[in-house]
Structures are given as structure tokens and as C-alpha cells.
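Below you'll find the structure, written out as C-alpha cells, and then a few comments.
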Amino acid sequence: MSNKVLAKVNGREITEGELNLFYQTLGQQIQGQFQGEQGKNRLLDELIYQELFYAEAVDSKLEETEAFKIELNKMKESLLKQFNIKELVDNVSVEDSEVASFYAENPQFFQGQEQVQASHILVDTEEEAKSVLAEINGGLSFAEAATKYSKCPSKEQGGDLGAFQRGQMVPEFEEAAFAMKLDEMSMPVQTQFGYHIILKTGEQTAETQPFEAVKDQIRHQLLIQKQNSAYITKVEALKAKYTVEKF
């Protein structure tokens with residue numbers, strides 16, 4: 001933290017480090033209002049104003065008033081509660097062996113999804129679909145045929161639908177696409193939208209995510225679980241130690 005003094009109010013210093021720390025406590029939207037040198041000066045002014053109020057509070061012995069003591073006690077109680085909880089959860093940790101064991105014992109959580117990439121041509125009738133197929137077999141490219149005949153918006157990309165997983169397409173289309181071989185073109189497939197000619201252009205098997213790619217995620221999840229468990233265990237112990245009455 002920088003100790004460069006930016007201002008003094010009633011003998012109390014305001015440093016660059018304190019200014020930066022104050023800036024960090026602001027939300028992102030508010031931070032945007034204090035960009036550049038002008039914003040920095042405005043923020044410094046705000047710290048100066050706060051110091052002026054502090055100086056007056058000290059001179060007027062505000063801290064000796066009953067109202068202040070009540071508020072101070074409330075803040076102290078709240079801080080003690082939160083500090084005690086923080087002390088509890090900060091002492092919880094996850095060992096490397098726990099992370100490795102969770103990965104080994106729960107492979108279902110790290111199984112990737114099988115994917116297919118395909119293009120299609122959508123027309124209204126089976127006759128139209130067969131006619132388009134004949135043109136493709138006669139030399140017209142699939143992309144050109146899609147642009148020329150398909151009624152799906154994907155025609156603008158030559159019929160390309162990109163990659164998709166199971167459950168993202170209507171059942172008849174999905175069943176055909178996943179059953180096809182790579183670079184295979186289907187016969188007309190009927191769905192509620194019409195008749196599709198499908199060209200399978202890519203596929204990805206359901207590979208398991210490697211340990212290195214997910215170990216930090218596992219550690220974070222286990223840490224939260226252990227912290228929650230430690231919290232509940234502590235609560236139960238405290239309930240046995242102290243009287244609790246609900247009305």
C-alpha cells in the first residue's frame with residue numbers, strides 16, 4: 001500500500017493507499033464515475049469530507065453519547081458473529097488426496113457429452129426432398145442445394161446447424177444424425193417441420209474430462225461442502241452448550 005500523503009485534515013493524513021483501498025470498496029458502476037485524474041481528485045475530496053465529519057465528531061464527543069454507544073454495540077455484536085464464523089470456515093481445507101478421490105469415485109460428473117455437427121436441407125414434401133437429392137447426386141453441392149431449396153434459416157450458412165448434443169433436436173432428426181457415419185448424407189427424414197436431408201459433418205465422442213481440467217472446480221465444491229458441514233456441526237454443538245428458546 002502506497003504511503004504517499006495526498007492530503008491532511010486536522011493533522012490526520014490521507015495516503016494514496018487509503019484512496020486506492022476506498023476505490024476498491026466501490027461497486028463497478030460507481031467506480032466508473034471516478035476514472036482518470038479528475039475522478040481521483042473527486043474521490044480524494046470525498047475522503048477529505050469524511051475526515052472533516054470525523055474531526056467534528058471527536059470534538060463534539062459524539063462517541064460518548066448513548067445513541068452512539070448503542071449503535072457501536074450493535075456493530076460490535078455483528079462483527080463478532082461474522083468474525084467467529086470466518087474463523088471457523090477459514091480453518092477448513094481440502095487435501096489433494098480428497099480431490100483425487102472424488103474424481104476417481106465420481107466419473108459420471110466428468111463425462112463429456114457426445115456431439116454431432118451436421119448440415120441439413122428442409123423442404124415441405126418427400127417428393128421435393130427426393131428431387132433435391134437427385135440434384136446433389138448429379139453434382140450440385142450440398143451447400144448450394146441448401147441455399148437454393150431449404151426453408152430453414154440455416155440456408156444462409158449452406159444448411160450448417162453447427163454442433164449439438166442429444167436432446168437439442170427433435171427426436172427423428174436427432175436419431176438419424178447420431179446414427180449416421182461421418183460425411184454420410186441421409187435419405188429424407190420426416191419431422192413435424194417437414195422433410196430433412198441431413199449431412200453429418202462432424203462428431204465428438206463422450207470423452208471424460210481430464211483431472212487437471214477439473215481439479216480446481218472439485219476443490220472448490222468440496223471446500224464449500226466441508227465448510228457447510230463444519231458450520232452445521234458447530235451450530236449443533238453450540239445449541240447443546242447454550243440455551244435456545246423459540247417463541
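Scheme for the C-alpha cells: letters A, B, ... for chains in order shown; per-chain residue numbers from 1; ligand numbers from 1 in order shown.
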* Asked: Within 8 Å of Ala146 (chain A), counting only C-alpha atoms, which residues qualify if same-chain residues fewer than 5 places away don't, as a PyMOL selection string?
  -> chain A and resi 120-122+155+158-159
Export of prior selection with C-alpha atoms as an mmCIF file, in the first residue's frame:
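What follows is the written file result34.cif:
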data_model
loop_
_atom_site.group_PDB
_atom_site.id
_atom_site.type_symbol
_atom_site.label_atom_id
_atom_site.label_comp_id
_atom_site.auth_asym_id
_atom_site.auth_seq_id
_atom_site.Cartn_x
_atom_site.Cartn_y
_atom_site.Cartn_z
ATOM 1 C CA HIS A 120 -29.477 -30.033 -43.441
ATOM 2 C CA ILE A 121 -31.911 -29.067 -46.142
ATOM 3 C CA LEU A 122 -35.544 -28.672 -45.091
ATOM 4 C CA LYS A 155 -29.778 -21.944 -45.644
ATOM 5 C CA GLY A 158 -25.283 -23.562 -46.541
ATOM 6 C CA GLY A 159 -27.513 -25.526 -44.153
#
* Identify, on the basis of only C-alpha atoms, every residue whose closest approach to Phe22 (chain A) does not exceed 10 Å; exclude the query and any residue fewer than 3 positions from it along the same chain; express the result as a PyMOL selection string. => chain A and resi 16-19+25-26+43-44+46-47
Members of region 4-233 of chain A assigned strand (DSSP E or B) by DSSP, as a PDB file with C-alpha atoms, in the first residue's frame:
ATOM      1  CA  VAL A   5       0.433  11.571   1.509  1.00  0.00           C
ATOM      2  CA  LEU A   6      -2.250  13.213  -0.634  1.00  0.00           C
ATOM      3  CA  ALA A   7      -3.893  15.426   1.978  1.00  0.00           C
ATOM      4  CA  LYS A   8      -4.041  16.267   5.682  1.00  0.00           C
ATOM      5  CA  VAL A   9      -7.178  17.087   7.632  1.00  0.00           C
ATOM      6  CA  ARG A  12      -4.600  13.315  10.008  1.00  0.00           C
ATOM      7  CA  GLU A  13      -3.007  12.044   6.783  1.00  0.00           C
ATOM      8  CA  ILE A  14      -4.847  10.635   3.781  1.00  0.00           C
ATOM      9  CA  THR A  15      -2.484   8.434   1.758  1.00  0.00           C
ATOM     10  CA  GLN A 111     -18.253 -37.410 -18.632  1.00  0.00           C
ATOM     11  CA  GLN A 115     -21.884 -34.258 -30.072  1.00  0.00           C
ATOM     12  CA  VAL A 116     -22.711 -34.223 -33.753  1.00  0.00           C
ATOM     13  CA  GLN A 117     -22.161 -31.482 -36.293  1.00  0.00           C
ATOM     14  CA  ALA A 118     -24.491 -31.518 -39.262  1.00  0.00           C
ATOM     15  CA  SER A 119     -25.984 -29.541 -42.110  1.00  0.00           C
ATOM     16  CA  HIS A 120     -29.477 -30.033 -43.441  1.00  0.00           C
ATOM     17  CA  ILE A 121     -31.911 -29.067 -46.142  1.00  0.00           C
ATOM     18  CA  LEU A 122     -35.544 -28.672 -45.091  1.00  0.00           C
ATOM     19  CA  VAL A 123     -38.417 -28.876 -47.594  1.00  0.00           C
ATOM     20  CA  ASP A 160     -24.913 -25.695 -41.369  1.00  0.00           C
ATOM     21  CA  LEU A 161     -26.533 -26.251 -37.961  1.00  0.00           C
ATOM     22  CA  GLY A 162     -23.279 -26.350 -36.022  1.00  0.00           C
ATOM     23  CA  ALA A 163     -22.701 -28.864 -33.235  1.00  0.00           C
ATOM     24  CA  PHE A 164     -25.461 -30.186 -30.988  1.00  0.00           C
ATOM     25  CA  GLN A 165     -25.947 -32.709 -28.195  1.00  0.00           C
ATOM     26  CA  MET A 185     -25.902 -37.977 -46.323  1.00  0.00           C
ATOM     27  CA  VAL A 189     -36.156 -37.730 -42.716  1.00  0.00           C
ATOM     28  CA  GLN A 190     -39.641 -36.627 -41.713  1.00  0.00           C
ATOM     29  CA  THR A 191     -40.261 -34.453 -38.655  1.00  0.00           C
ATOM     30  CA  GLY A 194     -41.163 -31.221 -42.943  1.00  0.00           C
ATOM     31  CA  TYR A 195     -38.574 -33.408 -44.688  1.00  0.00           C
ATOM     32  CA  HIS A 196     -34.862 -33.102 -43.963  1.00  0.00           C
ATOM     33  CA  ILE A 197     -31.817 -34.173 -45.929  1.00  0.00           C
ATOM     34  CA  ILE A 198     -29.018 -34.434 -43.365  1.00  0.00           C
ATOM     35  CA  LEU A 199     -25.274 -34.302 -43.976  1.00  0.00           C
ATOM     36  CA  LYS A 200     -23.180 -35.348 -40.977  1.00  0.00           C
ATOM     37  CA  THR A 201     -20.052 -33.166 -40.995  1.00  0.00           C
ATOM     38  CA  GLY A 202     -18.503 -33.844 -37.604  1.00  0.00           C
ATOM     39  CA  GLU A 203     -18.743 -35.813 -34.377  1.00  0.00           C
ATOM     40  CA  GLN A 204     -17.255 -35.859 -30.899  1.00  0.00           C
ATOM     41  CA  THR A 208     -14.086 -37.893 -19.816  1.00  0.00           C
TER      42      THR A 208
END
* What lies within 10 Å of Ala145 (chain A) using only C-alpha atoms, ignoring chain neighbours under 2 positions off, as a PyMOL selection string? -> chain A and resi 120-121+132-133+135-136+140-143+147-150+155+158-159
* Asked: In Å to one decimal, how far is CA of Asn20 (chain A) from CA of Asn3 (chain A)?
  ->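 Separation of CA of Asn3 (chain A) and CA of Asn20 (chain A): 11.0 Å.
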Within 9 Å of region 210-229 of chain A: each region 76-161 of chain A residue with its shortest pair, only C-alpha atoms, as a tab-separated table:
residue	atom	partner	partner_atom	distance
A:Leu88	CA	A:Gln227	CA	8.1
A:Val89	CA	A:Gln227	CA	5.4
A:Asp90	CA	A:Gln227	CA	8.4
A:Asn91	CA	A:Gln227	CA	8.9
A:Val92	CA	A:Gln227	CA	6.2
A:Ser93	CA	A:Leu223	CA	6.4
A:Val94	CA	A:Leu223	CA	6.0
A:Glu95	CA	A:Arg219	CA	8.4
A:Asp96	CA	A:Arg219	CA	8.2
A:Glu98	CA	A:Arg219	CA	8.3
A:Val99	CA	A:Arg219	CA	5.8
A:Ala100	CA	A:Lys215	CA	7.7
A:Phe102	CA	A:Ile218	CA	7.7
A:Tyr103	CA	A:Phe211	CA	7.1
A:Phe110	CA	A:Val214	CA	8.0
* **CA of Ala230 (chain A) to CA of Lys86 (chain A), straight-line distance in Å** => 11.5 Å
* Which residues in region 3-237 of chain A does DSSP call alpha helix (DSSP H)? List them as an MDAnalysis selection string. -> chainID A and resid 16:24 28:31 36:59 66:90 96:105 126:137 142:149 171:179 211:237
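Going from CA of Leu80 (chain A) to CA of Ala55 (chain A) covers 27.1 Å.
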